[in-house]
$ cat input17.cif   # mmCIF, C-alpha atoms
data_structure
loop_
_atom_site.label_atom_id
_atom_site.label_comp_id
_atom_site.auth_asym_id
_atom_site.auth_seq_id
_atom_site.Cartn_x
_atom_site.Cartn_y
_atom_site.Cartn_z
CA MET F 1 44.25 5.77 22.26
CA ASN F 2 42.26 8.78 23.49
CA ASP F 3 43.36 12.36 24.09
CA ASN F 4 44.65 11.46 27.56
CA GLY F 5 47.02 8.84 26.17
CA LYS F 6 44.90 5.96 27.44
CA THR F 7 43.94 3.04 25.27
CA PHE F 8 40.22 2.55 24.58
CA LYS F 9 38.68 -0.68 25.69
CA HIS F 10 37.84 -3.11 22.87
CA TYR F 11 34.74 -5.28 22.58
CA ARG F 12 33.71 -8.37 20.66
CA ILE F 13 30.92 -7.72 18.16
CA GLY F 14 28.16 -9.33 20.24
CA ASP F 15 28.93 -7.28 23.34
CA PHE F 16 29.42 -4.05 21.39
CA ALA F 17 26.05 -4.55 19.66
CA LYS F 18 24.32 -5.30 22.98
CA TYR F 19 25.66 -2.17 24.68
CA LEU F 20 24.46 0.01 21.78
CA GLY F 21 21.08 -1.66 21.31
CA VAL F 22 21.76 -2.75 17.73
CA THR F 23 22.35 -6.11 16.05
CA SER F 24 25.60 -7.71 15.00
CA ASP F 25 24.38 -7.56 11.40
CA PHE F 26 23.92 -3.80 11.80
CA LEU F 27 27.57 -3.42 12.82
CA LYS F 28 28.80 -5.71 10.04
CA HIS F 29 26.86 -3.72 7.45
CA TYR F 30 28.36 -0.42 8.53
CA GLU F 31 31.80 -1.92 8.88
CA GLU F 32 31.65 -3.29 5.31
CA ALA F 33 30.68 0.20 4.14
CA GLY F 34 33.86 1.58 5.71
CA LEU F 35 31.99 3.55 8.37
CA ILE F 36 33.29 1.72 11.45
CA ASP F 37 36.93 1.00 12.30
CA VAL F 38 37.70 -2.39 13.81
CA VAL F 39 40.84 -4.03 15.17
CA GLN F 40 41.82 -7.45 13.84
CA ARG F 41 43.60 -9.48 16.52
CA VAL F 42 46.15 -12.25 15.86
CA SER F 43 43.49 -14.73 16.91
CA GLY F 44 41.43 -13.64 13.89
CA TYR F 45 38.66 -12.08 15.97
CA ARG F 46 37.56 -8.53 15.24
CA TYR F 47 37.22 -6.08 18.11
CA TYR F 48 35.40 -2.76 18.21
CA PRO F 49 37.16 0.12 20.03
CA PHE F 50 35.02 2.02 22.51
CA ASP F 51 35.43 5.28 20.59
CA GLN F 52 33.52 3.80 17.62
CA SER F 53 30.36 3.87 19.75
CA ALA F 54 30.01 7.61 19.09
CA ARG F 55 30.06 6.92 15.35
CA VAL F 56 27.45 4.18 15.65
CA ILE F 57 25.13 6.48 17.60
CA GLU F 58 25.49 9.11 14.88
CA TYR F 59 24.63 6.51 12.24
CA MET F 60 21.57 5.46 14.24
CA ARG F 61 20.33 9.05 14.23
CA LEU F 62 20.82 9.42 10.49
CA ARG F 63 19.26 6.02 9.82
CA ASN F 64 16.10 7.12 11.62
CA TYR F 65 15.87 10.02 9.19
CA GLY F 66 16.02 7.55 6.32
CA VAL F 67 19.56 8.47 5.26
CA THR F 68 21.14 5.56 3.40
CA VAL F 69 24.49 4.01 4.27
CA LYS F 70 25.93 5.34 1.01
CA GLU F 71 24.88 8.89 1.92
CA MET F 72 26.16 8.88 5.50
CA HIS F 73 29.82 9.53 4.78
CA GLY F 74 28.94 12.60 2.74
CA VAL F 75 26.68 13.94 5.49
CA LEU F 76 29.27 13.52 8.23
CA THR F 77 32.15 15.01 6.22
CA GLY F 78 30.12 17.91 4.81
CA ASN F 79 28.70 20.96 6.54
CA ALA F 80 25.52 21.81 8.42
CA GLU F 81 23.87 23.47 5.39
CA SER F 82 24.22 20.44 3.13
CA ALA F 83 23.26 18.10 5.97
CA PHE F 84 20.02 19.96 6.66
CA GLU F 85 19.14 20.02 2.96
CA LEU F 86 19.24 16.23 2.93
CA LEU F 87 17.46 15.88 6.28
CA ASP F 88 14.72 18.31 5.23
CA ASP F 89 14.13 16.18 2.15
CA ARG F 90 13.89 13.05 4.27
CA VAL F 91 11.46 14.72 6.67
CA GLU F 92 9.14 15.60 3.78
CA THR F 93 9.21 11.94 2.77
CA MET F 94 8.42 10.96 6.35
CA LYS F 95 5.47 13.37 6.45
CA GLU F 96 4.08 11.77 3.30
CA THR F 97 4.51 8.33 4.85
CA VAL F 98 2.72 9.42 8.03
CA ARG F 99 -0.15 10.89 5.98
CA ARG F 100 -0.46 7.63 4.04
CA LEU F 101 -0.40 5.51 7.18
CA GLU F 102 -3.05 7.70 8.81
CA GLY F 103 -5.21 7.17 5.72
CA LEU F 104 -4.64 3.41 5.91
CA LEU F 105 -5.66 3.33 9.59
CA GLU F 106 -8.82 5.35 8.91
CA GLU F 107 -9.77 3.12 5.99
CA HIS F 108 -9.16 -0.01 8.05
CA GLY F 109 -11.61 1.34 10.62
CA ARG F 110 -14.24 1.84 7.93
CA LEU F 111 -13.54 -1.61 6.46
CA LYS F 112 -13.76 -3.30 9.86
CA ALA F 113 -17.11 -1.63 10.59
CA TRP F 114 -18.35 -2.73 7.15
CA TYR F 115 -17.17 -6.29 7.84
CA GLU F 116 -18.98 -6.38 11.20
CA ARG F 117 -22.20 -5.68 9.33
CA ARG F 118 -21.34 -8.47 6.87
CA ARG F 119 -20.87 -10.89 9.76
CA GLN F 120 -24.52 -10.35 10.63
CA LYS F 121 -25.65 -10.30 7.01
CA PRO F 122 -23.04 -11.59 4.51
CA ILE F 123 -25.15 -10.55 1.51
CA ASP F 124 -27.01 -7.26 1.49
CA TRP F 125 -27.96 -4.53 -0.95
CA GLU F 126 -29.18 -0.95 -1.02
CA ILE F 127 -30.14 1.74 -3.51
CA ARG F 128 -28.57 5.12 -2.80
CA GLU F 129 -26.74 8.09 -4.24
CA VAL F 130 -23.10 7.18 -4.84
CA GLU F 131 -20.43 9.82 -5.29
CA PRO F 132 -18.11 9.82 -8.32
CA TYR F 133 -15.05 7.56 -8.34
CA TYR F 134 -11.70 7.93 -10.01
CA PHE F 135 -10.71 4.75 -11.83
CA LEU F 136 -7.12 4.06 -12.87
CA SER F 137 -7.41 1.26 -15.42
CA HIS F 138 -4.20 -0.63 -16.07
CA THR F 139 -5.48 -3.77 -17.83
CA ASP F 140 -7.45 -4.63 -20.94
CA THR F 141 -8.90 -7.91 -19.67
CA GLN F 142 -5.94 -10.19 -20.48
CA SER F 143 -3.01 -7.79 -20.75
CA PHE F 144 -1.66 -4.55 -19.34
CA ARG F 145 -2.55 -1.31 -21.07
CA LYS F 146 0.18 0.44 -23.00
CA ASP F 147 -0.36 3.94 -21.70
CA ALA F 148 2.60 5.76 -20.15
CA GLU F 149 0.30 8.13 -18.24
CA VAL F 150 -1.23 5.17 -16.39
CA TYR F 151 2.15 3.98 -15.11
CA GLU F 152 3.05 7.44 -13.89
CA LEU F 153 0.43 6.81 -11.18
CA VAL F 154 0.29 3.04 -10.62
CA LYS F 155 3.11 2.90 -8.05
CA THR F 156 1.68 5.72 -5.92
CA TRP F 157 -1.88 4.44 -6.13
CA GLY F 158 -0.71 0.94 -5.20
CA MET F 159 1.07 2.31 -2.12
CA TRP F 160 -2.19 3.91 -1.01
CA MET F 161 -4.11 0.63 -0.84
CA PRO F 162 -6.52 -0.01 0.93
CA VAL F 163 -7.57 3.64 0.57
CA THR F 164 -7.43 2.88 -3.13
CA LYS F 165 -9.12 -0.38 -4.05
CA SER F 166 -8.43 -3.11 -6.55
CA ALA F 167 -11.51 -2.92 -8.74
CA LEU F 168 -13.06 -3.99 -12.02
CA THR F 169 -15.34 -2.02 -14.32
CA ILE F 170 -17.94 -3.39 -16.70
CA ASP F 171 -19.47 -1.34 -19.46
CA ALA F 172 -23.22 -1.97 -19.33
CA SER F 173 -23.64 -0.80 -22.92
CA ALA F 174 -21.33 -3.55 -24.19
CA VAL F 175 -22.65 -6.70 -25.79
CA PRO F 176 -23.03 -9.49 -23.18
CA ASN F 177 -20.10 -11.91 -23.09
CA ASP F 178 -17.77 -9.33 -24.66
CA PRO F 179 -14.55 -9.70 -22.60
CA GLU F 180 -13.34 -6.29 -23.79
CA ALA F 181 -16.04 -4.75 -21.59
CA LEU F 182 -14.02 -5.57 -18.44
CA HIS F 183 -11.06 -3.62 -17.07
CA TRP F 184 -9.10 -4.07 -13.84
CA GLY F 185 -7.47 -1.17 -12.07
CA PHE F 186 -7.54 0.96 -8.92
CA ALA F 187 -10.57 2.90 -7.72
CA VAL F 188 -11.14 5.54 -5.06
CA PRO F 189 -14.01 7.94 -4.29
CA LYS F 190 -13.28 11.36 -5.74
CA SER F 191 -13.62 13.05 -2.33
CA MET F 192 -11.02 10.72 -0.80
CA ALA F 193 -8.61 11.26 -3.69
CA GLN F 194 -8.87 14.98 -3.07
CA ARG F 195 -8.60 14.62 0.70
CA TYR F 196 -5.40 12.59 0.50
CA GLU F 197 -4.08 14.56 -2.50
CA LEU F 198 -3.65 11.49 -4.67
CA PRO F 199 -2.14 12.32 -8.07
CA VAL F 200 -4.49 12.16 -11.05
CA ASN F 201 -4.07 12.75 -14.76
CA GLN F 202 -5.98 12.52 -18.03
CA SER F 203 -5.50 8.76 -18.28
CA MET F 204 -8.29 8.02 -15.82
CA PRO F 205 -12.01 8.44 -16.21
CA VAL F 206 -14.33 9.70 -13.50
CA LEU F 207 -17.20 7.26 -12.97
CA HIS F 208 -20.48 9.04 -12.26
CA PHE F 209 -23.12 6.84 -10.65
CA GLY F 210 -25.90 9.04 -9.29
CA LYS F 211 -28.57 6.70 -7.90
CA ALA F 212 -27.05 3.26 -7.94
CA PHE F 213 -27.60 -0.28 -6.74
CA VAL F 214 -24.92 -1.30 -4.23
CA TYR F 215 -24.48 -5.02 -3.62
CA HIS F 216 -22.47 -5.90 -0.50
CA PHE F 217 -21.01 -9.38 -0.12
CA SER F 218 -18.70 -11.33 2.17
CA GLU F 219 -16.99 -14.62 1.25
CA LEU F 220 -19.08 -14.96 -1.88
CA GLU F 221 -18.01 -17.85 -4.10
CA GLY F 222 -16.91 -16.70 -7.54
CA ALA F 223 -17.39 -13.03 -6.61
CA PHE F 224 -14.78 -11.90 -9.13
CA ASN F 225 -15.30 -14.52 -11.83
CA MET F 226 -14.91 -12.48 -14.99
CA ALA F 227 -16.81 -14.95 -17.18
CA ASP F 228 -19.86 -14.68 -14.91
CA ILE F 229 -19.61 -10.91 -14.70
CA VAL F 230 -19.37 -10.36 -18.44
CA ALA F 231 -22.30 -12.78 -18.98
CA ARG F 232 -24.34 -10.87 -16.35
CA ARG F 233 -24.50 -13.99 -14.14
CA HIS F 234 -23.09 -12.28 -11.05
CA PRO F 235 -25.69 -12.46 -8.21
CA ALA F 236 -25.95 -8.67 -8.18
CA PHE F 237 -27.51 -8.66 -11.65
CA ALA F 238 -30.12 -11.22 -10.58
CA VAL F 239 -31.31 -8.96 -7.75
CA ILE F 240 -31.50 -5.97 -10.11
CA ARG F 241 -33.66 -7.95 -12.50
CA GLU F 242 -35.91 -9.12 -9.67
CA LEU F 243 -36.43 -5.50 -8.60
CA GLY F 244 -37.42 -4.53 -12.13
CA PHE F 245 -34.46 -2.23 -12.77
CA HIS F 246 -32.14 -1.99 -15.75
CA VAL F 247 -28.39 -1.44 -15.70
CA LYS F 248 -27.26 1.89 -17.08
CA GLY F 249 -23.67 3.06 -17.36
CA THR F 250 -20.45 1.57 -16.05
CA GLY F 251 -20.52 -0.69 -13.00
CA LEU F 252 -17.66 -0.86 -10.49
CA LEU F 253 -16.86 -4.10 -8.66
CA ILE F 254 -14.66 -3.38 -5.65
CA ASN F 255 -12.41 -6.09 -4.26
CA GLU F 256 -11.85 -5.74 -0.52
CA MET F 257 -10.36 -9.22 -0.05
CA LYS F 258 -9.94 -12.52 -1.89
CA PHE F 259 -9.59 -15.99 -0.41
CA GLN F 260 -8.51 -19.24 -2.01
CA ASN F 261 -9.76 -22.51 -0.54
CA ASP F 262 -7.24 -25.00 -1.93
CA GLU F 263 -9.11 -27.99 -0.54
CA LYS F 264 -12.39 -27.14 -2.23
CA GLY F 265 -10.93 -25.17 -5.12
CA LEU F 266 -13.18 -22.22 -4.38
CA ASN F 267 -12.39 -18.55 -4.94
CA MET F 268 -14.14 -16.53 -2.27
CA GLY F 269 -14.34 -12.76 -2.25
CA MET F 270 -15.65 -9.85 -0.25
CA GLY F 271 -16.45 -6.38 -1.48
CA ARG F 272 -19.25 -4.49 -3.18
CA PHE F 273 -20.66 -4.00 -6.64
CA ILE F 274 -21.83 -0.48 -7.54
CA ILE F 275 -24.16 -0.54 -10.55
CA PRO F 276 -26.03 2.47 -11.99
CA ILE F 277 -29.70 1.62 -12.57
CA VAL F 278 -32.89 2.98 -14.13
CA ARG F 279 -36.47 1.78 -14.17
#
$ encode --input "input17.cif" --output "structure tokens"
Amino acid sequence: MNDNGKTFKHYRIGDFAKYLGVTSDFLKHYEEAGLIDVVQRVSGYRYYPFDQSARVIEYMRLRNYGVTVKEMHGVLTGNAESAFELLDDRVETMKETVRRLEGLLEEHGRLKAWYERRRQKPIDWEIREVEPYYFLSHTDTQSFRKDAEVYELVKTWGMWMPVTKSALTIDASAVPNDPEALHWGFAVPKSMAQRYELPVNQSMPVLHFGKAFVYHFSELEGAFNMADIVARRHPAFAVIRELGFHVKGTGLLINEMKFQNDEKGLNMGMGRFIIPIVR
């Protein structure tokens, strides 16, 4: 009953949801949390009083801020100061999400342009100056590293893919066929890490390339076969040898995409291999 002594109209869940632009599951979820009052009729059906629509609209507003169902009761029964403290915190989280999504969209544009070049020439190479990369190594070939500082960053760096890349390093000074020379992790150019303010710590090395051989490939069979890489059988090494160069320093194999052909049993990959070289 409202302030004028009139009884509010009641609605079945489907109609109530339709009028408010939400789903029936949305209403059930908030009802189960004790945030919506319903009327149980003798028939067993539940009806939603019209006045509960104002509550639902308030919950929709808070939901769009990222406020959880558990937090909503406290917000609505508190005061403006405490409410804005929570909303300010959620807005900062939203700003970070927007910044990350903008980075993802920019990187997708770069990746798509790179792929268009690969459509014309699936395999290509160049020799150029390559800027330093941060590398967050989280594996020692067959197992995860036991370094707490690494896992302080893994979640954040994973959320920033494809700005950060899944990548593998190989130590050129290691004995050929030594599996301990390979490490998987996340890589990103130093300038991009600084631009997007990605967290870094002492657990990660900075890879300095200088003049390097860059091998671009699209849908290359066995592109990330670790046995071939550690034995220097990756096609990139063959080109380096043909050019009369020698590998110097740590190489970085960047994985842009992997494909599995179940019918043929082939592992196809696309990405690039950055390898420091000398005459």
$ atom_distance --input "input17.cif" --atom1 "atom CA of Lys112 of chain F" --atom2 "atom CA of Gln260 of chain F"
20.6 Å
$ residues_around --input "input17.cif" --residues "Ala187 of chain F" --least-positions-apart "4" --cutoff "7 Å" --atoms "only C-alpha atoms" --output "JSON list (two decimals) with C-alpha atoms, in the frame of the given file"
[["chain", "number", "residue", "atom", "x", "y", "z"],
["F", 133, "TYR", "CA", -15.05, 7.56, -8.34],
["F", 134, "TYR", "CA", -11.70, 7.93, -10.01],
["F", 135, "PHE", "CA", -10.71, 4.75, -11.83],
["F", 136, "LEU", "CA", -7.12, 4.06, -12.87],
["F", 164, "THR", "CA", -7.43, 2.88, -3.13],
["F", 165, "LYS", "CA", -9.12, -0.38, -4.05],
["F", 166, "SER", "CA", -8.43, -3.11, -6.55],
["F", 167, "ALA", "CA", -11.51, -2.92, -8.74]]
$ resolve_selection --input "input17.cif" --expression "the PyMOL selection byres ((chain F and resi 47) around 10)" --output "PyMOL selection string"
chain F and resi 9-16+37-41+44-46+48-50
$ residues_around --input "input17.cif" --residues "Ile170 of chain F" --least-positions-apart "4" --cutoff "12 Å" --atoms "only C-alpha atoms" --output "mmCIF file with C-alpha atoms, in the frame of the given file"
data_model
loop_
_atom_site.group_PDB
_atom_site.id
_atom_site.type_symbol
_atom_site.label_atom_id
_atom_site.label_comp_id
_atom_site.auth_asym_id
_atom_site.auth_seq_id
_atom_site.Cartn_x
_atom_site.Cartn_y
_atom_site.Cartn_z
ATOM 1 C CA PHE F 135 -10.710 4.750 -11.830
ATOM 2 C CA SER F 137 -7.410 1.260 -15.420
ATOM 3 C CA ASP F 140 -7.450 -4.630 -20.940
ATOM 4 C CA THR F 141 -8.900 -7.910 -19.670
ATOM 5 C CA ALA F 174 -21.330 -3.550 -24.190
ATOM 6 C CA VAL F 175 -22.650 -6.700 -25.790
ATOM 7 C CA PRO F 176 -23.030 -9.490 -23.180
ATOM 8 C CA ASN F 177 -20.100 -11.910 -23.090
ATOM 9 C CA ASP F 178 -17.770 -9.330 -24.660
ATOM 10 C CA PRO F 179 -14.550 -9.700 -22.600
ATOM 11 C CA GLU F 180 -13.340 -6.290 -23.790
ATOM 12 C CA ALA F 181 -16.040 -4.750 -21.590
ATOM 13 C CA LEU F 182 -14.020 -5.570 -18.440
ATOM 14 C CA HIS F 183 -11.060 -3.620 -17.070
ATOM 15 C CA TRP F 184 -9.100 -4.070 -13.840
ATOM 16 C CA GLY F 185 -7.470 -1.170 -12.070
ATOM 17 C CA LEU F 207 -17.200 7.260 -12.970
ATOM 18 C CA PHE F 224 -14.780 -11.900 -9.130
ATOM 19 C CA MET F 226 -14.910 -12.480 -14.990
ATOM 20 C CA ALA F 227 -16.810 -14.950 -17.180
ATOM 21 C CA ASP F 228 -19.860 -14.680 -14.910
ATOM 22 C CA ILE F 229 -19.610 -10.910 -14.700
ATOM 23 C CA VAL F 230 -19.370 -10.360 -18.440
ATOM 24 C CA ALA F 231 -22.300 -12.780 -18.980
ATOM 25 C CA ARG F 232 -24.340 -10.870 -16.350
ATOM 26 C CA HIS F 234 -23.090 -12.280 -11.050
ATOM 27 C CA VAL F 247 -28.390 -1.440 -15.700
ATOM 28 C CA LYS F 248 -27.260 1.890 -17.080
ATOM 29 C CA GLY F 249 -23.670 3.060 -17.360
ATOM 30 C CA THR F 250 -20.450 1.570 -16.050
ATOM 31 C CA GLY F 251 -20.520 -0.690 -13.000
ATOM 32 C CA LEU F 252 -17.660 -0.860 -10.490
ATOM 33 C CA LEU F 253 -16.860 -4.100 -8.660
ATOM 34 C CA ILE F 254 -14.660 -3.380 -5.650
ATOM 35 C CA PHE F 273 -20.660 -4.000 -6.640
ATOM 36 C CA ILE F 274 -21.830 -0.480 -7.540
ATOM 37 C CA ILE F 275 -24.160 -0.540 -10.550
ATOM 38 C CA PRO F 276 -26.030 2.470 -11.990
#
$ resolve_selection --input "input17.cif" --expression "the PyMOL selection byres ((chain F and resi 267) around 6)" --output "ChimeraX atom specification"
/F:221-222,259-260,266,268
$ resolve_selection --input "input17.cif" --expression "the PyMOL selection byres ((chain F and resi 160) around 9)" --output "compact mmCIF listing (two decimals) with C-alpha atoms, in the frame of the given file"
# COMPACT_ATOMS: atom_id res chain seq x y z
CA ARG F 100 -0.46 7.63 4.04
CA LEU F 101 -0.40 5.51 7.18
CA GLY F 103 -5.21 7.17 5.72
CA LEU F 104 -4.64 3.41 5.91
CA LYS F 155 3.11 2.90 -8.05
CA THR F 156 1.68 5.72 -5.92
CA TRP F 157 -1.88 4.44 -6.13
CA GLY F 158 -0.71 0.94 -5.20
CA MET F 159 1.07 2.31 -2.12
CA MET F 161 -4.11 0.63 -0.84
CA PRO F 162 -6.52 -0.01 0.93
CA VAL F 163 -7.57 3.64 0.57
CA THR F 164 -7.43 2.88 -3.13
CA LYS F 165 -9.12 -0.38 -4.05
CA LEU F 198 -3.65 11.49 -4.67
$ closest_residue --input "input17.cif" --among "F:His29, F:Arg99, F:Lys258, F:His246" --to "Lys70 of chain F" --atoms "only C-alpha atoms"
F:His29
$ axis_aligned_box --input "input17.cif" --around "segment 222-229 of chain F" --padding-each-side "4 Å" --output "AutoDock Vina command-line options"
--center_x -17.3 --center_y -13.8 --center_z -11.9 --size_x 13.1 --size_y 13.8 --size_z 18.6
$ closest_residue --input "input17.cif" --among "F:Val278, F:Leu153, F:Ile240, F:Leu62" --to "Ala83 of chain F" --atoms "all atoms listed in the file"
F:Leu62
$ residues_around --input "input17.cif" --residues "segment 32-35 of chain F" --least-positions-apart "2" --cutoff "9 Å" --atoms "only C-alpha atoms" --output "NGL selection string"
:F and (27-30 or 37 or 55-56 or 59 or 69-70 or 72-73)
$ atom_distance --input "input17.cif" --atom1 "atom CA of Phe217 of chain F" --atom2 "atom CA of Tyr115 of chain F"
9.4 Å
$ atom_distance --input "input17.cif" --atom1 "atom CA of Pro122 of chain F" --atom2 "atom CA of Met270 of chain F"
9.0 Å
$ closest_residue --input "input17.cif" --among "F:Gln120, F:Asn225, F:Gln194, F:Thr68" --to "Leu168 of chain F" --atoms "all atoms listed in the file"
F:Asn225
$ residues_around --input "input17.cif" --residues "Gly210 of chain F" --least-positions-apart "2" --cutoff "10 Å" --atoms "all atoms listed in the file" --output "list in words"
Arg128, Glu129, Val130, Glu131, Pro132, Leu207, His208, Ala212, Phe213, Ile275, Pro276 and Ile277 of chain F
